[in-house]
Structures are given as C-alpha cells and as structure tokens.
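Each remark here refers to the structure printed beneath this line.
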Amino acid sequence: MKTKTKVLGWASVILPALVLSCQNPIGGTIGGTTSSGGDKTNGPTVSDNSTTGVKGTTGAPAAPAASGAVAGPDEPAAPPSEATLTAVQEARDKITPMMGVDSKVVFVNCAEGSCTARVEAGTLAQMRNALQGVSSAYQGRVSFEVREHFDAYAGHSYHADLVLGTNTPTAVPTDENVLMGVN
C-alpha cells in the first residue's frame, strides 16, 4: 500500500511539470514572453542568468534580409519583370493553338531564362499530337518529359514538361506508346 501512495505522490509532482514543459516549445511563448526571456511585443531584453552571472541580449529581432534574397513564406514575392511577362505571353500564344480538343497548356514560366511549360492531354495520342505541334512551332528545339497523372477529381491524364527553344532538337516519336520513355 505504501508503494502505491509513493507512486501517486510522485505522479502529482511530475505530471504538472510535464504538462508545463510540453506547452512551452523551445522558442515558444507563455504569457507575453518567449522561452528565451524576450518580450514578444517589446523587442529584445537583457536577461541576467543568475546561475552563471552572464548578462546577454535575448529575443533580438532577426537582421533584415539582403536585397537579393529570396522571399520567405510570409513575404510577398517580387512581381515578374515586363520582359518575363512578355516572354510568357509569346510562348503561350505560340503553343496554345497546337493543343487539341482534350489537351491544354497548364502553365508557362520564363522567369529563369529559358521558357518551361506544362501541357496536359487526355490520351497519349492527343499528347503526341500536341507535342508534334509544339515541336514544329519551335523548329524541333523542344525538350520534353511525359508522365502519367492520376487525380481523384479529374481522373487519368498525361502531363508533359517542356523546355522551349533548346539548342538540341528532340524528335517527337510517331508511336505514342514510346512517349513515356523518350527523355
């Protein structure tokens, strides 16, 4: 009976400590302060670590990012340049007429120099026809990779990722069954 009482006594001490430790992740906040001692509303604070006698600044805000840095998840991305928008529109205008009834241009991106695009078709035959049209519009200077796409909502289709205007021409095979292993 004494053992049961001792265990229950320790449980009443350890349980609240565990609950409190789980509610304050490293760098998290309890009340108005961070776990490192900084006030989350008033910026950095100077803390006194009484066990070591060291004073230091904690909770300091991060340094501003460099001007050429990539935007983080909470920062808006820089808008594309006028030249990029023009290149995207020209590429879209060039490949959209090549799409058949059950094929479409998903996106075009010209932000990194060469233009890339994704096209979608319902069957391999429609994909082959779309790729042959795009290839002829770019004088064969198109690189592509075709893959099968399964979607619970839209069903089964084929996607091709294209690099438009490459230096090496890639022939589109006449047999649509060979498309999946071309590049």
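Numbering starts fresh at 1 for the residues of each chain in the structure tokens, the chains themselves are lettered A, B, ... in the order given, and ligands are numbered from 1 as they appear.
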Excluding Asp161 (chain A) and residues on its chain fewer than 6 positions from it, collect all residues at most 6 Å away from it, counting only C-alpha atoms, and give them as JSON, numbers by chain.
{"A": [117, 118, 144, 145]}
With a distance cut-off of 7 Å and only C-alpha atoms, select the neighbouring residues of region 73-90 of chain A, excluding the residue or stretch itself and same-chain residues fewer than 3 positions from it, and output the selection as a PyMOL selection string.
chain A and resi 93-94+108-111
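Closest approach to Gln126 (chain A) from the set A:Ala154, A:Leu162, A:Val101, A:Ile95 is made by A:Val101, with distances taken over only C-alpha atoms.
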Identify, on the basis of only C-alpha atoms, every residue whose closest approach to Thr123 (chain A) does not exceed 10 Å; exclude the query and any residue fewer than 6 positions from it along the same chain; express the result as a compact mmCIF listing (two decimals) with N, CA and C atoms, in the first residue's frame.
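Produced file part.txt, reproduced below:
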# COMPACT_ATOMS: atom_id res chain seq x y z
N ASP A 102 -8.80 17.80 -76.33
CA ASP A 102 -8.66 17.33 -74.96
C ASP A 102 -7.25 17.56 -74.42
N SER A 103 -6.59 18.62 -74.88
CA SER A 103 -5.28 18.96 -74.34
C SER A 103 -5.24 20.46 -74.08
N GLU A 148 2.48 9.91 -66.69
CA GLU A 148 1.08 9.64 -66.40
C GLU A 148 0.68 10.38 -65.14
N HIS A 156 -7.68 10.34 -64.98
CA HIS A 156 -6.41 9.94 -65.59
C HIS A 156 -6.08 10.87 -66.75
N SER A 157 -4.83 11.34 -66.78
CA SER A 157 -4.37 12.18 -67.89
C SER A 157 -2.87 12.02 -68.03
N TYR A 158 -2.30 12.72 -68.98
CA TYR A 158 -0.86 12.71 -69.21
C TYR A 158 -0.36 14.15 -69.16
N HIS A 159 0.78 14.35 -68.51
CA HIS A 159 1.42 15.65 -68.42
C HIS A 159 2.76 15.58 -69.14
N GLU A 176 2.81 6.78 -80.15
CA GLU A 176 2.52 7.41 -78.85
C GLU A 176 2.90 6.54 -77.66
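Counting only C-alpha atoms, the residue from A:Val172, A:Ala152, A:Lys104, A:Ala91 that sits nearest to Gln132 (chain A) is A:Val172.
Using only C-alpha atoms, the nearest neighbour of Ala130 (chain A) within the list A:Ser143, A:Gly155, A:Thr96, A:Val106 is A:Thr96.
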